[in-house]
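> To be precise about what I am sending: the file is called final-v2.csv and holds CSV, C-alpha atoms.
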chain,number,residue,atom,x,y,z
A,6,MET,CA,0.0,0.0,0.0
A,7,LEU,CA,1.2,3.5,-0.9
A,8,LEU,CA,1.4,6.1,1.8
A,9,TYR,CA,-1.4,8.3,0.5
A,10,GLY,CA,-3.5,5.5,-1.1
A,11,LEU,CA,-6.5,3.9,0.5
A,12,TYR,CA,-7.7,0.3,0.1
A,13,ARG,CA,-10.6,0.8,-2.2
A,14,SER,CA,-11.9,-2.7,-1.7
A,15,VAL,CA,-14.8,-4.2,-3.6
A,16,PHE,CA,-14.9,-7.1,-1.2
A,17,SER,CA,-16.9,-7.4,2.0
A,18,ALA,CA,-17.1,-9.9,4.8
A,19,THR,CA,-20.0,-12.4,5.1
A,20,GLY,CA,-21.4,-13.5,8.4
A,21,SER,CA,-19.7,-16.8,8.0
A,22,GLY,CA,-16.5,-15.3,7.0
A,23,ALA,CA,-16.0,-17.5,4.0
A,24,ALA,CA,-16.9,-17.2,0.3
A,25,PRO,CA,-17.7,-20.3,-1.6
A,26,PRO,CA,-14.5,-21.1,-3.5
A,27,HIS,CA,-16.1,-22.0,-6.8
A,28,ARG,CA,-18.7,-19.3,-7.2
A,29,THR,CA,-18.0,-16.1,-9.1
A,30,TYR,CA,-19.7,-12.8,-8.3
A,31,ARG,CA,-19.8,-9.9,-10.7
A,32,ALA,CA,-18.6,-6.5,-9.6
A,33,PRO,CA,-19.8,-3.3,-11.3
A,34,LEU,CA,-17.9,-2.7,-14.5
A,35,THR,CA,-16.1,0.3,-13.1
A,36,ALA,CA,-14.9,-1.4,-9.9
A,37,PRO,CA,-11.3,-2.4,-9.8
A,38,VAL,CA,-10.5,-5.9,-8.4
A,39,ILE,CA,-8.7,-5.2,-5.1
A,40,GLY,CA,-7.9,-7.5,-2.3
A,41,TRP,CA,-9.7,-7.8,1.0
A,42,ARG,CA,-9.0,-7.2,4.7
A,43,PRO,CA,-11.7,-7.1,7.4
A,44,TRP,CA,-11.7,-3.3,8.0
A,45,PRO,CA,-14.1,-2.1,10.7
A,46,HIS,CA,-16.3,-0.2,8.1
A,47,LEU,CA,-16.9,-3.5,6.2
A,48,LYS,CA,-19.5,-4.9,8.6
A,49,SER,CA,-21.9,-6.1,6.0
A,50,ASN,CA,-24.1,-9.0,5.0
A,51,ALA,CA,-23.7,-11.8,2.5
A,52,THR,CA,-25.3,-9.8,-0.3
A,53,ASP,CA,-22.5,-7.3,-0.2
A,54,LEU,CA,-19.8,-9.9,-1.1
A,55,GLN,CA,-18.4,-9.1,-4.5
A,56,LEU,CA,-15.6,-10.7,-6.3
A,57,GLY,CA,-14.3,-9.7,-9.7
A,58,ASP,CA,-15.4,-11.4,-13.0
A,59,ASN,CA,-12.6,-13.9,-12.5
A,60,LYS,CA,-11.0,-16.4,-14.8
A,61,LYS,CA,-9.2,-18.0,-11.9
A,62,PHE,CA,-11.1,-16.7,-9.0
A,63,GLU,CA,-8.1,-15.4,-7.2
A,64,GLY,CA,-8.2,-11.8,-8.4
A,65,SER,CA,-8.1,-12.3,-12.1
A,66,SER,CA,-10.1,-9.7,-14.1
A,67,GLU,CA,-10.1,-8.1,-17.5
A,68,PHE,CA,-10.7,-4.8,-15.6
A,69,VAL,CA,-7.2,-4.8,-14.0
A,70,HIS,CA,-4.8,-2.7,-16.1
A,71,LEU,CA,-1.5,-2.7,-14.4
A,72,LYS,CA,0.9,-0.5,-16.3
A,73,TYR,CA,4.6,0.5,-16.3
A,74,HIS,CA,5.1,4.2,-15.9
A,75,MET,CA,8.8,4.3,-16.8
A,76,GLY,CA,10.1,4.9,-13.3
A,77,PRO,CA,12.9,2.8,-11.7
A,78,VAL,CA,12.5,-0.6,-10.0
A,79,LEU,CA,15.1,-2.1,-7.6
A,80,THR,CA,17.4,-4.0,-10.0
A,81,ALA,CA,20.5,-3.9,-7.7
A,82,ASN,CA,20.9,-6.2,-4.8
A,83,ILE,CA,18.3,-5.0,-2.2
A,84,THR,CA,19.4,-4.3,1.4
A,85,VAL,CA,16.7,-4.0,4.1
A,86,HIS,CA,17.7,-1.7,7.0
A,87,THR,CA,15.4,-2.1,10.0
A,88,ILE,CA,14.3,0.3,12.7
A,89,TRP,CA,12.9,-1.4,15.7
A,90,TYR,CA,10.7,1.3,17.3
A,91,GLY,CA,9.5,0.6,20.8
A,92,THR,CA,9.7,-2.6,22.9
A,93,TRP,CA,10.6,-5.8,21.0
A,94,GLN,CA,11.3,-9.2,22.3
A,95,PRO,CA,14.3,-11.1,20.8
A,96,ALA,CA,12.0,-13.9,19.7
A,97,GLN,CA,9.9,-11.5,17.7
A,98,LYS,CA,12.9,-10.1,15.9
A,99,LYS,CA,14.1,-13.6,15.0
A,100,ILE,CA,10.8,-14.3,13.2
A,101,ILE,CA,11.0,-11.2,11.1
A,102,ARG,CA,14.7,-11.5,10.4
A,103,GLU,CA,14.2,-15.1,9.2
A,104,PHE,CA,11.4,-14.1,6.9
A,105,ILE,CA,13.5,-11.4,5.2
A,106,ASN,CA,16.5,-13.7,4.9
A,107,SER,CA,14.2,-16.4,3.4
A,108,ILE,CA,13.3,-14.2,0.4
A,109,SER,CA,16.6,-15.0,-1.3
A,110,ALA,CA,17.4,-18.3,0.5
A,111,GLY,CA,18.2,-21.2,-1.7
A,112,GLY,CA,17.3,-24.7,-0.8
A,113,SER,CA,14.1,-24.0,1.2
A,114,LYS,CA,11.4,-26.6,1.0
A,115,ARG,CA,8.7,-25.9,-1.6
A,116,PRO,CA,6.5,-24.0,-1.6
A,117,SER,CA,9.0,-21.4,-0.4
A,118,VAL,CA,9.3,-17.7,0.3
A,119,ALA,CA,12.0,-17.5,-2.4
A,120,GLY,CA,9.5,-19.0,-4.8
A,121,TRP,CA,7.0,-16.3,-3.9
A,122,TRP,CA,9.7,-13.6,-4.7
A,123,LYS,CA,10.1,-15.0,-8.2
A,124,THR,CA,6.8,-13.4,-9.2
A,125,VAL,CA,8.1,-10.0,-8.0
A,126,GLN,CA,11.3,-10.6,-10.0
A,127,LEU,CA,9.3,-10.7,-13.2
A,128,TYR,CA,8.9,-6.9,-13.1
A,129,THR,CA,11.4,-4.9,-15.1
A,130,ASP,CA,12.6,-1.4,-15.7
A,131,GLN,CA,12.7,0.4,-19.1
A,132,THR,CA,16.0,-1.3,-20.0
A,133,GLY,CA,14.5,-4.7,-19.4
A,134,ALA,CA,16.4,-5.4,-16.2
A,135,ASN,CA,14.5,-7.4,-13.7
A,136,ILE,CA,14.0,-6.7,-10.0
A,137,SER,CA,16.9,-8.2,-8.1
A,138,ARG,CA,16.8,-11.8,-6.9
A,139,THR,CA,18.8,-10.8,-3.8
A,140,VAL,CA,17.2,-9.3,-0.7
A,141,ARG,CA,19.3,-9.3,2.4
A,142,LEU,CA,19.2,-7.9,5.9
A,143,GLY,CA,21.3,-4.8,6.4
A,144,ALA,CA,21.9,-2.7,9.5
A,145,GLU,CA,19.5,-2.4,12.4
A,146,LYS,CA,18.7,0.5,14.8
A,147,ASN,CA,16.9,0.1,18.1
A,148,ASP,CA,14.7,3.0,19.2
A,149,ARG,CA,13.5,1.4,22.5
A,150,PHE,CA,12.9,4.7,24.3
A,151,TYR,CA,10.2,5.9,21.8
A,152,SER,CA,12.2,8.9,20.7
A,153,HIS,CA,9.2,10.5,19.0
A,154,GLY,CA,6.5,9.3,21.4
A,155,LYS,CA,4.0,6.5,21.2
A,156,THR,CA,1.7,8.2,18.7
A,157,LEU,CA,3.2,8.9,15.3
A,158,THR,CA,1.9,10.7,12.3
A,159,ARG,CA,2.8,9.9,8.7
A,160,LEU,CA,5.3,12.8,8.7
A,161,SER,CA,6.8,12.0,12.1
A,162,ILE,CA,7.6,8.6,10.8
A,163,GLN,CA,10.1,10.3,8.4
A,164,SER,CA,11.5,12.1,11.5
A,165,VAL,CA,12.1,8.7,13.1
A,166,ILE,CA,14.0,7.6,10.0
A,167,LYS,CA,16.0,10.8,10.0
A,168,SER,CA,17.0,10.1,13.6
A,169,ALA,CA,18.2,6.6,12.6
A,170,VAL,CA,20.3,7.7,9.7
A,171,THR,CA,21.8,10.7,11.5
A,172,ALA,CA,22.4,9.1,14.9
A,173,ARG,CA,25.8,9.9,16.5
A,174,THR,CA,26.4,6.2,17.2
A,175,ARG,CA,26.0,3.5,14.6
A,176,PRO,CA,23.7,5.4,12.2
A,177,LEU,CA,21.9,3.4,9.5
A,178,PRO,CA,23.8,3.7,6.2
A,179,ILE,CA,22.5,5.9,3.4
A,180,SER,CA,21.6,3.7,0.5
A,181,PRO,CA,19.2,5.5,-1.9
A,182,GLN,CA,19.9,3.2,-4.8
A,183,ASN,CA,19.4,-0.3,-3.3
A,184,GLY,CA,18.4,0.3,0.3
A,185,LEU,CA,14.9,-0.1,1.8
A,186,TYR,CA,14.2,1.3,5.2
A,187,LEU,CA,11.7,-0.7,7.3
A,188,LEU,CA,10.2,1.0,10.3
A,189,LEU,CA,8.5,-1.5,12.6
A,190,THR,CA,6.5,-0.2,15.6
A,191,SER,CA,5.7,-2.3,18.6
A,192,ASP,CA,2.2,-3.2,19.8
A,193,ASP,CA,1.9,-0.2,22.1
A,194,VAL,CA,2.5,2.4,19.4
A,195,TYR,CA,-0.3,4.0,17.4
A,196,VAL,CA,0.4,5.4,13.9
A,197,GLN,CA,-2.0,7.7,12.0
A,198,ASP,CA,-4.8,5.6,10.3
A,199,PHE,CA,-3.5,2.4,11.8
A,200,CYS,CA,-6.3,-0.2,12.1
A,201,ARG,CA,-8.8,2.0,10.3
A,202,GLN,CA,-7.3,2.3,6.8
A,203,VAL,CA,-3.8,0.8,6.9
A,204,CYS,CA,-1.7,-2.0,8.5
A,205,GLY,CA,1.4,-0.6,6.8
A,206,PHE,CA,2.4,1.6,4.0
A,207,HIS,CA,5.3,2.7,1.9
A,208,TYR,CA,6.6,5.9,0.3
A,209,PHE,CA,9.9,7.7,0.1
A,210,THR,CA,11.4,10.2,2.5
A,211,PHE,CA,11.5,13.9,1.7
A,212,PRO,CA,14.9,15.6,1.5
A,213,SER,CA,13.5,18.6,3.4
A,214,ILE,CA,12.9,16.3,6.4
A,215,VAL,CA,15.5,13.5,6.1
A,216,GLY,CA,18.0,15.0,3.8
A,217,TYR,CA,17.7,12.2,1.3
A,218,THR,CA,15.1,10.4,-0.9
A,219,LEU,CA,15.0,6.9,0.6
A,220,PRO,CA,12.3,4.3,-0.1
A,221,TYR,CA,10.8,3.2,3.2
A,222,ALA,CA,7.9,1.3,4.7
A,223,TRP,CA,6.1,1.3,8.0
A,224,ILE,CA,4.4,-1.8,9.5
A,225,GLY,CA,2.8,-1.9,12.9
A,226,ASN,CA,2.3,-4.8,15.4
A,227,SER,CA,-1.5,-4.9,15.8
A,228,ALA,CA,-1.6,-7.4,18.7
A,229,LYS,CA,-3.1,-5.0,21.2
A,230,LEU,CA,-4.9,-2.5,18.9
A,231,CYS,CA,-6.6,-4.5,16.1
A,232,PRO,CA,-5.4,-8.1,15.6
A,233,GLY,CA,-8.8,-9.0,14.0
A,234,VAL,CA,-8.0,-6.6,11.2
A,235,CYS,CA,-4.2,-6.6,10.7
A,236,ALA,CA,-3.4,-10.1,11.9
A,237,TYR,CA,-6.4,-11.8,10.1
A,238,PRO,CA,-6.8,-14.8,9.7
A,239,PHE,CA,-4.8,-15.5,12.9
A,240,ALA,CA,-7.3,-13.3,14.7
A,241,VAL,CA,-10.9,-12.6,13.7
A,242,PRO,CA,-13.0,-9.5,14.2
A,243,ASP,CA,-15.9,-9.8,16.7
A,244,TYR,CA,-18.5,-9.1,14.0
A,245,MET,CA,-17.4,-12.2,12.0
A,246,THR,CA,-19.3,-14.6,14.3
A,247,GLY,CA,-18.8,-18.3,13.9
A,248,LEU,CA,-15.4,-18.0,12.3
A,249,LYS,CA,-12.5,-19.3,14.3
A,250,PRO,CA,-9.0,-17.9,13.9
A,251,LEU,CA,-6.3,-20.0,12.4
A,252,LYS,CA,-3.4,-21.2,14.5
A,253,SER,CA,-0.2,-19.2,13.7
A,254,PRO,CA,2.9,-21.2,12.7
A,255,ASN,CA,5.3,-19.2,14.9
A,256,GLY,CA,3.2,-18.6,18.0
A,257,ASP,CA,3.0,-14.8,17.9
A,258,VAL,CA,-0.2,-13.5,16.3
A,259,GLY,CA,0.8,-9.9,16.1
A,260,VAL,CA,4.2,-10.6,14.5
A,261,GLU,CA,2.6,-13.3,12.2
A,262,GLY,CA,0.2,-10.6,10.9
A,263,MET,CA,3.1,-8.3,10.3
A,264,ILE,CA,4.9,-10.8,8.1
A,265,SER,CA,2.4,-10.7,5.3
A,266,VAL,CA,2.3,-6.9,5.5
A,267,ILE,CA,6.1,-6.7,5.4
A,268,ALA,CA,6.0,-8.9,2.3
A,269,HIS,CA,3.3,-6.7,0.8
A,270,GLU,CA,5.3,-3.6,1.3
A,271,ILE,CA,8.7,-5.0,0.2
A,272,ALA,CA,7.2,-6.3,-3.0
A,273,GLU,CA,5.7,-2.8,-3.8
A,274,LEU,CA,8.8,-1.0,-2.8
A,275,ALA,CA,10.8,-3.2,-5.2
A,276,SER,CA,8.4,-2.6,-8.1
A,277,ASN,CA,7.3,1.0,-7.4
A,278,PRO,CA,9.9,2.6,-5.1
A,279,LEU,CA,9.4,6.2,-6.2
A,280,VAL,CA,5.7,5.8,-7.1
A,281,ASN,CA,6.3,6.1,-10.8
A,282,ALA,CA,6.9,2.5,-12.0
A,283,TRP,CA,4.4,-0.4,-11.8
A,284,TYR,CA,0.8,0.4,-10.7
A,285,ALA,CA,-2.8,0.4,-11.9
A,286,GLY,CA,-5.0,3.5,-12.1
A,287,GLN,CA,-4.6,6.9,-13.5
A,288,ASP,CA,-3.7,8.8,-10.3
A,289,PRO,CA,-0.2,8.2,-8.9
A,290,SER,CA,-1.5,9.6,-5.6
A,291,PHE,CA,-3.9,6.7,-5.3
A,292,PRO,CA,-2.2,3.8,-7.2
A,293,VAL,CA,-3.2,0.1,-7.0
A,294,GLU,CA,0.0,-1.8,-6.7
A,295,ILE,CA,1.1,-5.4,-7.2
A,296,ALA,CA,0.3,-6.5,-3.7
A,297,ASP,CA,-2.8,-4.4,-3.2
A,298,LEU,CA,-4.5,-6.4,-6.0
A,299,CYS,CA,-4.0,-9.6,-4.0
A,300,GLU,CA,-4.6,-8.5,-0.4
A,301,GLY,CA,-6.1,-11.4,1.6
A,302,ILE,CA,-5.4,-14.0,-1.1
A,303,TYR,CA,-3.1,-16.8,0.2
A,304,GLY,CA,-4.0,-19.8,-1.9
A,305,THR,CA,-5.8,-21.2,-4.9
A,306,GLY,CA,-9.5,-20.1,-4.9
A,307,GLY,CA,-8.9,-17.2,-2.6
A,308,GLY,CA,-11.0,-14.1,-2.7
A,309,GLY,CA,-13.2,-12.0,-0.3
A,310,SER,CA,-12.8,-13.3,3.2
A,311,TYR,CA,-11.8,-16.7,1.9
A,312,THR,CA,-8.0,-17.1,2.1
A,313,GLY,CA,-7.8,-19.8,-0.4
A,314,GLN,CA,-6.4,-23.3,0.1
A,315,LEU,CA,-3.6,-23.4,2.6
A,316,LEU,CA,-1.3,-26.0,4.3
A,317,ASP,CA,-1.6,-27.4,7.8
A,318,ASP,CA,1.5,-28.2,9.9
A,319,HIS,CA,1.7,-31.3,12.1
A,320,ASP,CA,0.7,-29.2,15.1
A,321,GLY,CA,-2.4,-27.7,13.4
A,322,ALA,CA,-0.8,-24.4,12.5
A,323,THR,CA,-1.7,-22.9,9.1
A,324,TYR,CA,0.9,-21.6,6.6
A,325,ASN,CA,1.4,-21.4,2.8
A,326,MET,CA,5.2,-21.0,2.4
A,327,ASN,CA,8.4,-22.4,3.9
A,328,GLY,CA,11.3,-20.2,5.0
A,329,ILE,CA,14.8,-21.2,5.9
A,330,ARG,CA,13.6,-23.0,9.1
A,331,ARG,CA,10.2,-21.5,9.8
A,332,LYS,CA,6.8,-21.5,8.1
A,333,PHE,CA,4.9,-18.4,7.1
A,334,LEU,CA,1.6,-17.2,5.8
A,335,VAL,CA,2.2,-14.7,3.1
A,336,GLN,CA,-0.3,-13.1,0.7
A,337,TRP,CA,0.1,-13.6,-3.1
A,338,VAL,CA,1.1,-10.9,-5.5
A,339,TRP,CA,-0.1,-9.9,-9.0
A,340,SER,CA,1.6,-11.4,-12.0
A,341,HIS,CA,1.4,-9.0,-15.0
A,342,ILE,CA,2.4,-12.0,-17.2
A,343,LEU,CA,-0.5,-14.2,-16.1
A,344,ASN,CA,-2.8,-11.3,-15.3
A,345,TYR,CA,-3.9,-12.8,-12.0
A,346,CYS,CA,-2.7,-13.3,-8.4
A,347,THR,CA,-0.3,-16.2,-7.9
A,348,GLY,CA,2.0,-17.7,-5.3
A,349,PRO,CA,4.3,-20.7,-4.9
A,350,ASN,CA,1.6,-22.8,-3.3
A,351,ALA,CA,-0.8,-22.5,-6.2
A,352,LEU,CA,-2.4,-25.9,-7.0
A,353,ASP,CA,-2.3,-25.4,-10.7
A,354,GLN,CA,1.4,-24.8,-11.1
Would you write out, as structure tokens, the structure that this file holds?

Amino acid sequence: MLLYGLYRSVFSATGSGAAPPHRTYRAPLTAPVIGWRPWPHLKSNATDLQLGDNKKFEGSSEFVHLKYHMGPVLTANITVHTIWYGTWQPAQKKIIREFINSISAGGSKRPSVAGWWKTVQLYTDQTGANISRTVRLGAEKNDRFYSHGKTLTRLSIQSVIKSAVTARTRPLPISPQNGLYLLLTSDDVYVQDFCRQVCGFHYFTFPSIVGYTLPYAWIGNSAKLCPGVCAYPFAVPDYMTGLKPLKSPNGDVGVEGMISVIAHEIAELASNPLVNAWYAGQDPSFPVEIADLCEGIYGTGGGGSYTGQLLDDHDGATYNMNGIRRKFLVQWVWSHILNYCTGPNALDQ
């Protein structure tokens, strides 16, 4: 999700929380096919559930016109610099670090996070160069004393990044060409529009604030504020009665919800870092990007509040991809080659 964009979803939740996986619903011809998340304002009934006029159900539609707008994509090896804002447990950091390391890991059991990234790699710049295969962890900065408070605005997030890259001791490196800056806020921090319109977003820093133009993303831990929204389907909103949450594979619902949002934002930062590369729609202030199109879709048949067909671990946990050692649930992304959402666990591959 882009910083100033909103999720303009054409999906709504049903009372049962699941859409029949083999029925197709028609949306108005003018409606884009966007993914789904159980936002509080989507408390609706079954007649409101709309899915695009699909060929493959999971997001496919002739009305999606993803275009390349000639801007750069991240073709050099990508380094993710992380800011841990607030109070984080070592175990939580390990889960997130392993996910990021898994993006480029060879040898992971299929379906893998690295297999998921292959769809992102298909996107190219105007020279025909693909997005880099390599995504690696860079430097980290801990901001455990909440340097800018426990309530952040969209602009104050940039001030947090400035503090991290200009710190007197161990500042984060300045890497405008291949660096991504990931600001992760702990479960006691509120960010503007969190839980109401966004679970995370990306943009680039303003030189007037930070001194540099740096692609960045913010993702919040929703465990205390809105797990039923931002950690779905490992937590379920109260209004979705009768639907049980799935068991998370790593035992931390808040962090588990963050993983898919981190994946979402890294995929969009790689394919649209300066908001002038790959997106659908005419207005770059409100683009629909490659992960927006597949929000809430994790497996074959996914759409609406139905996640699609997933995998069950021996202990009953639900996942759809393997990392280096751990398992994760990660949303699919849009393939402009196939013109639908896809992932490494698709049953028709």
> I want to know what sits within 8 Å of Met326 of chain A, based on all atoms listed in the file, with residues of the same chain fewer than 6 positions away left out; could you give that as a PyMOL selection string?
chain A and resi 115-118+332-335+349-350
> Rank nothing, just name the residue among A:Leu189, A:Ala268, A:Ile342, A:Val234 nearest to Asn106 of chain A, using all atoms listed in the file.
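Checking each candidate against Asn106 of chain A, we get A:Ala268 as the closest.
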> Go ahead and find all residues with at least one atom no further than 10 Å from (12.3, -1.9, 10.3) in the file's coordinates, using only C-alpha atoms; report them as a PyMOL selection string.
chain A and resi 85-90+98+101-102+144-147+166+185-190+221-225+267
> Between atom CA of Val125 of chain A and atom CA of Leu274 of chain A, what is the distance in Å, rounded to a tenth?
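Atom-to-atom, atom CA of Val125 of chain A and atom CA of Leu274 of chain A are spaced 10.4 Å apart.
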> So, with only C-alpha atoms as the atoms that count, which of A:Gly328, A:Pro43, A:Gly205, A:Gly76 lies closest to Met263 of chain A?
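Nearest candidate to Met263 of chain A out of A:Gly328, A:Pro43, A:Gly205, A:Gly76: A:Gly205.
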> Considering all atoms listed in the file, can you say which of A:Cys204, A:Ala272, A:Val140, A:Ile302 comes closest to Gly233 of chain A?
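Looking at the shortest contact to Gly233 of chain A, the residue is A:Cys204.
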> List as number ranges by chain the protein and nucleic acid residues near Phe211 of chain A, meaning an atom at most 10 Å away when all atoms listed in the file are counted, but skip any in the same chain fewer than 4 places from it.
A: 160, 163-164, 167, 215-220
> Measure the distance from atom CA of Gln131 of chain A to atom CA of Tyr73 of chain A in Å and round it to one decimal.
8.6 Å
> Kindly give the distance, in Å, that separates atom CA of Thr132 of chain A and atom CA of Ile179 of chain A, rounded to a single decimal.
25.3 Å
